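Right, one structure below, let's go through it.
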Amino acid sequence: MAVIEVTDLRKSYADLTVLDGVSFSVEEGEIFGILGPNGTGKTTTVECVEGLRRPDGGSIRVLGLDPVKDARKVHELIGVQLQQTQLPENIKVWEALDLYASFYANPRDWRELLEEWGLAGKRDARFGKLSGGQQQRLFIALALVGNPRVAFLDELTTGLDPQARRTTWELVKRVRASGVTVVLVSHFMDEVEELCDRVAVFNRGRVVAVDTPAGLVGGEHRMRFTLMAGDTSGTAGLENLPEVIDVSREGTRVVVTGRGDFATAVTAHLARHHVLVSDLRIDKRTLDDAFAALTGRSFE
């Protein structure tokens, strides 16, 4: 069941087109990623879905509701962690949760959230004294205090150190495990690969692909090696192996692209022809490679 349906979404500011016909759907119970470099329309899209911005065209349905016409109902059903989230430096953790709970008709018990998100020991701590990871746990708790069916998490781990990022990833998995559908906006490839069931790739205001991370990456791999004898004749015929897609040669350096168990087929071929190699390396195709193939530019 689709809990979010976006069709031909459009948004412009003066002469600048930010969204140019964006379409995708989010299924119940999944972590859905919205991936792309900064400035590609990710946050604008999410803010339209949340009802924070009014689109110029297209249609949006969140749990069957229009986020503009049915704003109050939608806001009761979603939780939001904005890209630029901030709280007063001196507000206490429990005060923030109590305040946010007051915004909803049927909120979660914020005392339970303190325990669930490892903040019980920081109940009386002031926001400005929390570490970056603790602040992110608080922001997630605030997004969940309204008992939402869908949670939007925008650039959740920007600015966190590697350990705090991985800890936050585990928290996101726990959000989904609790029965909440998650929409995760990110420009980190590793984050999307780790967390998302499916992902929409944004480029210049459009969605250029929607697939699982593995589906976007595909099954292609590359094997690189150097011919020790300097003779490339022994590599003749690699192109004819069923598992091999492409072979490129530059001097004694050879790159073979293939799928499946192509590495075994290639090494067996080299052994049969008594070809000695060095510096052999197998590279898996990455989301960066997929993005470059989809958009014609590197991910920056």
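By order of appearance in the structure tokens: chains A, B, ..., then residues from 1 within every chain, and ligands from 1 in the order shown.
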
Can I get the residues of segment 133-205 of chain A within 8 Å of segment 19-33 of chain A, each with the closest pair of atoms and their distance in Å to one decimal, using only C-alpha atoms, sorted chain first then ascending number, as a tab-separated table?
residue	atom	partner	partner_atom	distance
A:Arg176	CA	A:Gly29	CA	6.6
A:Gly179	CA	A:Gly29	CA	6.3
A:Val180	CA	A:Gly29	CA	6.2
A:Thr181	CA	A:Gly29	CA	4.5
A:Val182	CA	A:Ile31	CA	4.6
A:Val183	CA	A:Phe32	CA	4.9
A:Leu184	CA	A:Gly33	CA	4.8
A:Val185	CA	A:Gly33	CA	5.8
A:Ser186	CA	A:Gly33	CA	7.1
A:Val192	CA	A:Gly33	CA	6.3
A:Leu195	CA	A:Ile31	CA	6.8
A:Cys196	CA	A:Ile31	CA	5.0
A:Asp197	CA	A:Ile31	CA	5.5
A:Arg198	CA	A:Phe32	CA	5.2
A:Val199	CA	A:Gly33	CA	4.3
A:Ala200	CA	A:Gly33	CA	6.2
A:Arg204	CA	A:Leu19	CA	7.8
A:Gly205	CA	A:Leu19	CA	4.3

Since we have the selection now, will you write its residues out, keeping N, CA and C atoms, as a PDB file, in the first residue's frame?
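Output file again_8.pdb follows:
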ATOM      1  N   ARG A 176      11.753   2.328  11.981  1.00  0.00           N
ATOM      2  CA  ARG A 176      10.997   1.486  11.042  1.00  0.00           C
ATOM      3  C   ARG A 176      10.489   0.226  11.732  1.00  0.00           C
ATOM      4  N   GLY A 179       7.151   0.213  13.333  1.00  0.00           N
ATOM      5  CA  GLY A 179       5.958   0.282  12.492  1.00  0.00           C
ATOM      6  C   GLY A 179       5.765   1.596  11.775  1.00  0.00           C
ATOM      7  N   VAL A 180       6.758   2.487  11.858  1.00  0.00           N
ATOM      8  CA  VAL A 180       6.659   3.800  11.224  1.00  0.00           C
ATOM      9  C   VAL A 180       7.358   3.766   9.866  1.00  0.00           C
ATOM     10  N   THR A 181       6.682   4.229   8.829  1.00  0.00           N
ATOM     11  CA  THR A 181       7.308   4.401   7.518  1.00  0.00           C
ATOM     12  C   THR A 181       8.253   5.598   7.584  1.00  0.00           C
ATOM     13  N   VAL A 182       9.450   5.456   7.008  1.00  0.00           N
ATOM     14  CA  VAL A 182      10.466   6.501   7.088  1.00  0.00           C
ATOM     15  C   VAL A 182      10.809   7.018   5.699  1.00  0.00           C
ATOM     16  N   VAL A 183      10.801   8.348   5.560  1.00  0.00           N
ATOM     17  CA  VAL A 183      11.325   9.000   4.351  1.00  0.00           C
ATOM     18  C   VAL A 183      12.623   9.684   4.769  1.00  0.00           C
ATOM     19  N   LEU A 184      13.730   9.226   4.193  1.00  0.00           N
ATOM     20  CA  LEU A 184      15.056   9.691   4.588  1.00  0.00           C
ATOM     21  C   LEU A 184      15.679  10.495   3.451  1.00  0.00           C
ATOM     22  N   VAL A 185      15.923  11.776   3.708  1.00  0.00           N
ATOM     23  CA  VAL A 185      16.579  12.639   2.714  1.00  0.00           C
ATOM     24  C   VAL A 185      18.070  12.654   3.019  1.00  0.00           C
ATOM     25  N   SER A 186      18.889  12.392   2.011  1.00  0.00           N
ATOM     26  CA  SER A 186      20.322  12.298   2.269  1.00  0.00           C
ATOM     27  C   SER A 186      21.123  12.624   1.015  1.00  0.00           C
ATOM     28  N   VAL A 192      22.450   5.780   2.380  1.00  0.00           N
ATOM     29  CA  VAL A 192      21.336   5.255   1.599  1.00  0.00           C
ATOM     30  C   VAL A 192      21.487   3.750   1.390  1.00  0.00           C
ATOM     31  N   LEU A 195      20.626   1.924   4.752  1.00  0.00           N
ATOM     32  CA  LEU A 195      19.315   2.042   5.379  1.00  0.00           C
ATOM     33  C   LEU A 195      18.121   1.794   4.461  1.00  0.00           C
ATOM     34  N   CYS A 196      18.214   2.177   3.218  1.00  0.00           N
ATOM     35  CA  CYS A 196      16.995   2.326   2.406  1.00  0.00           C
ATOM     36  C   CYS A 196      16.583   1.046   1.686  1.00  0.00           C
ATOM     37  N   ASP A 197      15.269   0.794   1.687  1.00  0.00           N
ATOM     38  CA  ASP A 197      14.700  -0.290   0.901  1.00  0.00           C
ATOM     39  C   ASP A 197      14.633   0.110  -0.573  1.00  0.00           C
ATOM     40  N   ARG A 198      14.231   1.347  -0.813  1.00  0.00           N
ATOM     41  CA  ARG A 198      14.216   1.897  -2.167  1.00  0.00           C
ATOM     42  C   ARG A 198      14.684   3.347  -2.092  1.00  0.00           C
ATOM     43  N   VAL A 199      15.078   3.867  -3.246  1.00  0.00           N
ATOM     44  CA  VAL A 199      15.592   5.232  -3.266  1.00  0.00           C
ATOM     45  C   VAL A 199      15.201   5.919  -4.570  1.00  0.00           C
ATOM     46  N   ALA A 200      14.834   7.203  -4.455  1.00  0.00           N
ATOM     47  CA  ALA A 200      14.605   8.050  -5.627  1.00  0.00           C
ATOM     48  C   ALA A 200      15.842   8.919  -5.818  1.00  0.00           C
ATOM     49  N   ARG A 204      18.825  17.822 -10.745  1.00  0.00           N
ATOM     50  CA  ARG A 204      18.325  19.060 -11.354  1.00  0.00           C
ATOM     51  C   ARG A 204      16.790  19.126 -11.365  1.00  0.00           C
ATOM     52  N   GLY A 205      16.199  18.842 -10.215  1.00  0.00           N
ATOM     53  CA  GLY A 205      14.758  19.005 -10.076  1.00  0.00           C
ATOM     54  C   GLY A 205      13.913  17.892 -10.628  1.00  0.00           C
TER      55      GLY A 205
END

Spatial neighbours of Val275 of chain A, max dist 10 Å, only C-alpha atoms, sep filter under 5 positions, as a VMD selection string: chain A and resid 227 to 235 267 269 to 270

Please save N, CA and C atoms of the selected residues as a JSON list (two decimals), in the first residue's frame.
[["chain", "number", "residue", "atom", "x", "y", "z"],
["A", 227, "LEU", "N", 49.75, -6.62, -16.61],
["A", 227, "LEU", "CA", 50.41, -7.77, -17.22],
["A", 227, "LEU", "C", 51.90, -7.71, -16.90],
["A", 228, "MET", "N", 52.39, -8.73, -16.24],
["A", 228, "MET", "CA", 53.78, -8.71, -15.80],
["A", 228, "MET", "C", 54.75, -8.84, -16.97],
["A", 229, "ALA", "N", 54.35, -9.61, -17.98],
["A", 229, "ALA", "CA", 55.24, -9.80, -19.13],
["A", 229, "ALA", "C", 55.10, -8.70, -20.16],
["A", 230, "GLY", "N", 54.09, -7.87, -20.02],
["A", 230, "GLY", "CA", 53.90, -6.77, -20.95],
["A", 230, "GLY", "C", 53.27, -7.17, -22.26],
["A", 231, "ASP", "N", 52.91, -8.44, -22.42],
["A", 231, "ASP", "CA", 52.31, -8.93, -23.67],
["A", 231, "ASP", "C", 50.81, -9.07, -23.48],
["A", 232, "THR", "N", 50.02, -8.33, -24.27],
["A", 232, "THR", "CA", 48.56, -8.34, -24.13],
["A", 232, "THR", "C", 47.90, -9.48, -24.91],
["A", 233, "SER", "N", 48.67, -10.25, -25.68],
["A", 233, "SER", "CA", 48.04, -11.27, -26.52],
["A", 233, "SER", "C", 47.31, -12.33, -25.70],
["A", 234, "GLY", "N", 47.80, -12.56, -24.49],
["A", 234, "GLY", "CA", 47.17, -13.57, -23.64],
["A", 234, "GLY", "C", 45.79, -13.17, -23.16],
["A", 235, "THR", "N", 45.45, -11.91, -23.29],
["A", 235, "THR", "CA", 44.11, -11.46, -22.87],
["A", 235, "THR", "C", 43.11, -11.51, -24.01],
["A", 267, "THR", "N", 40.07, -15.25, -14.40],
["A", 267, "THR", "CA", 41.32, -15.82, -13.89],
["A", 267, "THR", "C", 41.60, -17.20, -14.49],
["A", 269, "HIS", "N", 40.76, -18.11, -17.53],
["A", 269, "HIS", "CA", 41.23, -17.81, -18.88],
["A", 269, "HIS", "C", 42.71, -17.43, -18.86],
["A", 270, "LEU", "N", 43.08, -16.57, -17.92],
["A", 270, "LEU", "CA", 44.47, -16.13, -17.82],
["A", 270, "LEU", "C", 45.38, -17.30, -17.48]]

Per residue of segment 141-221 of chain A within 6 Å of segment 108-111 of chain A, record the nearest atom pair and its distance in Å to one decimal, counting only C-alpha atoms, with rows in chain order and ascending residue number, as CSV.
residue,atom,partner,partner_atom,distance
A:Val145,CA,A:Arg108,CA,5.1
A:Gly146,CA,A:Arg108,CA,5.9
A:Asn147,CA,A:Arg108,CA,5.5

Could you pull out all residues of segment 75-240 of chain A with a DSSP call of helix (DSSP H, G or I) and give them as a ChimeraX atom specification? /A:75-77,93-101,110-116,120-122,127-129,132-144,162-177,189-195,213-217,232-235,238-240

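The closest residue to Leu65 of chain A, picked from A:Gly51, A:Gly121, A:Pro107, A:Gly133 and counting only C-alpha atoms, is A:Gly51.
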
Can you list, as an NGL selection string, every residue of segment 63-233 of chain A that DSSP puts in strand (DSSP E)? :A and (78-81 or 150-154 or 181-186 or 198-203 or 206-211 or 220-227)

Counting only C-alpha atoms, the residue among A:Gly79, A:Gly58, A:Pro242, A:Pro67 that lies closest to Ile140 of chain A is A:Gly79

Please provide as a list in words all residues within 8 Å of Pro55 of chain A, with the sequence filter that same-chain residues fewer than 4 positions apart are discarded (counting only C-alpha atoms). Leu9, Arg10, Lys11 and Cys48 of chain A

Okay, now the selection with C-alpha atoms, as a PDB file, in the first residue's frame?
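File produced: result_0.pdb:
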ATOM      1  CA  LEU A   9       5.196  17.798  -8.780  1.00  0.00           C
ATOM      2  CA  ARG A  10       6.331  21.252  -9.906  1.00  0.00           C
ATOM      3  CA  LYS A  11       7.741  24.230  -8.046  1.00  0.00           C
ATOM      4  CA  CYS A  48       5.740  20.072  -0.241  1.00  0.00           C
TER       5      CYS A  48
END

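Counting only C-alpha atoms, Gly36 of chain A has the following residues at most 10 Å away, ignoring those fewer than 5 positions along the same chain: Gly41, Lys42, Val185, Ser186, His187, Phe188, Met189, Ala200, Val201, Phe202, Asn203, Arg204, Gly205, Val207, Phe291, Phe299 and Glu300 of chain A.
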
Just the selected residues (C-alpha atoms), exported as a PDB file, in the first residue's frame, please.
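For reference, result_10.pdb as written:
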ATOM      1  CA  GLY A  41      15.172  19.787  -5.045  1.00  0.00           C
ATOM      2  CA  LYS A  42      15.162  17.081  -2.359  1.00  0.00           C
ATOM      3  CA  VAL A 185      16.579  12.639   2.714  1.00  0.00           C
ATOM      4  CA  SER A 186      20.322  12.298   2.269  1.00  0.00           C
ATOM      5  CA  HIS A 187      23.306  13.151   0.112  1.00  0.00           C
ATOM      6  CA  PHE A 188      25.421  10.358   1.612  1.00  0.00           C
ATOM      7  CA  MET A 189      25.740   7.271  -0.586  1.00  0.00           C
ATOM      8  CA  ALA A 200      14.605   8.050  -5.627  1.00  0.00           C
ATOM      9  CA  VAL A 201      17.633   9.648  -7.296  1.00  0.00           C
ATOM     10  CA  PHE A 202      17.223  13.390  -7.859  1.00  0.00           C
ATOM     11  CA  ASN A 203      19.070  15.443 -10.431  1.00  0.00           C
ATOM     12  CA  ARG A 204      18.325  19.060 -11.354  1.00  0.00           C
ATOM     13  CA  GLY A 205      14.758  19.005 -10.076  1.00  0.00           C
ATOM     14  CA  VAL A 207      13.668  12.037 -10.377  1.00  0.00           C
ATOM     15  CA  PHE A 291      24.604   8.299 -10.233  1.00  0.00           C
ATOM     16  CA  PHE A 299      28.150  13.152  -7.219  1.00  0.00           C
ATOM     17  CA  GLU A 300      29.335  16.278  -5.384  1.00  0.00           C
TER      18      GLU A 300
END

So that I can see what lies close to segment 158-160 of chain A, please list as a PyMOL selection string the residues with an atom at most 12 Å from it, counting only C-alpha atoms and leaving out residues fewer than 3 positions away in the same chain. chain A and resi 38+82-85+131-137+153-155+163-169+185-188+191

For the residues in the current selection, export C-alpha atoms as a PDB file, in the first residue's frame.
ATOM      1  CA  ASN A  38      22.578  19.688  -2.489  1.00  0.00           C
ATOM      2  CA  LEU A  82      13.801  19.302   9.375  1.00  0.00           C
ATOM      3  CA  GLN A  83      17.145  19.838   7.649  1.00  0.00           C
ATOM      4  CA  GLN A  84      17.768  22.949   9.763  1.00  0.00           C
ATOM      5  CA  THR A  85      16.430  21.979  13.184  1.00  0.00           C
ATOM      6  CA  SER A 131      26.547  16.260  22.074  1.00  0.00           C
ATOM      7  CA  GLY A 132      25.739  16.120  18.372  1.00  0.00           C
ATOM      8  CA  GLY A 133      24.593  12.514  18.641  1.00  0.00           C
ATOM      9  CA  GLN A 134      22.416  13.275  21.666  1.00  0.00           C
ATOM     10  CA  GLN A 135      20.810  16.186  19.835  1.00  0.00           C
ATOM     11  CA  GLN A 136      19.988  13.910  16.912  1.00  0.00           C
ATOM     12  CA  ARG A 137      18.404  11.350  19.243  1.00  0.00           C
ATOM     13  CA  LEU A 153      14.174  12.682   8.445  1.00  0.00           C
ATOM     14  CA  ASP A 154      16.079  15.312   6.439  1.00  0.00           C
ATOM     15  CA  GLU A 155      19.910  15.152   6.321  1.00  0.00           C
ATOM     16  CA  GLN A 163      30.627   6.720  15.153  1.00  0.00           C
ATOM     17  CA  ALA A 164      27.669   9.030  15.801  1.00  0.00           C
ATOM     18  CA  ARG A 165      26.503   8.538  12.204  1.00  0.00           C
ATOM     19  CA  ARG A 166      26.439   4.750  12.565  1.00  0.00           C
ATOM     20  CA  THR A 167      24.694   4.985  15.918  1.00  0.00           C
ATOM     21  CA  THR A 168      22.056   7.214  14.299  1.00  0.00           C
ATOM     22  CA  TRP A 169      21.607   4.673  11.488  1.00  0.00           C
ATOM     23  CA  VAL A 185      16.579  12.639   2.714  1.00  0.00           C
ATOM     24  CA  SER A 186      20.322  12.298   2.269  1.00  0.00           C
ATOM     25  CA  HIS A 187      23.306  13.151   0.112  1.00  0.00           C
ATOM     26  CA  PHE A 188      25.421  10.358   1.612  1.00  0.00           C
ATOM     27  CA  GLU A 191      23.827   6.043   4.342  1.00  0.00           C
TER      28      GLU A 191
END
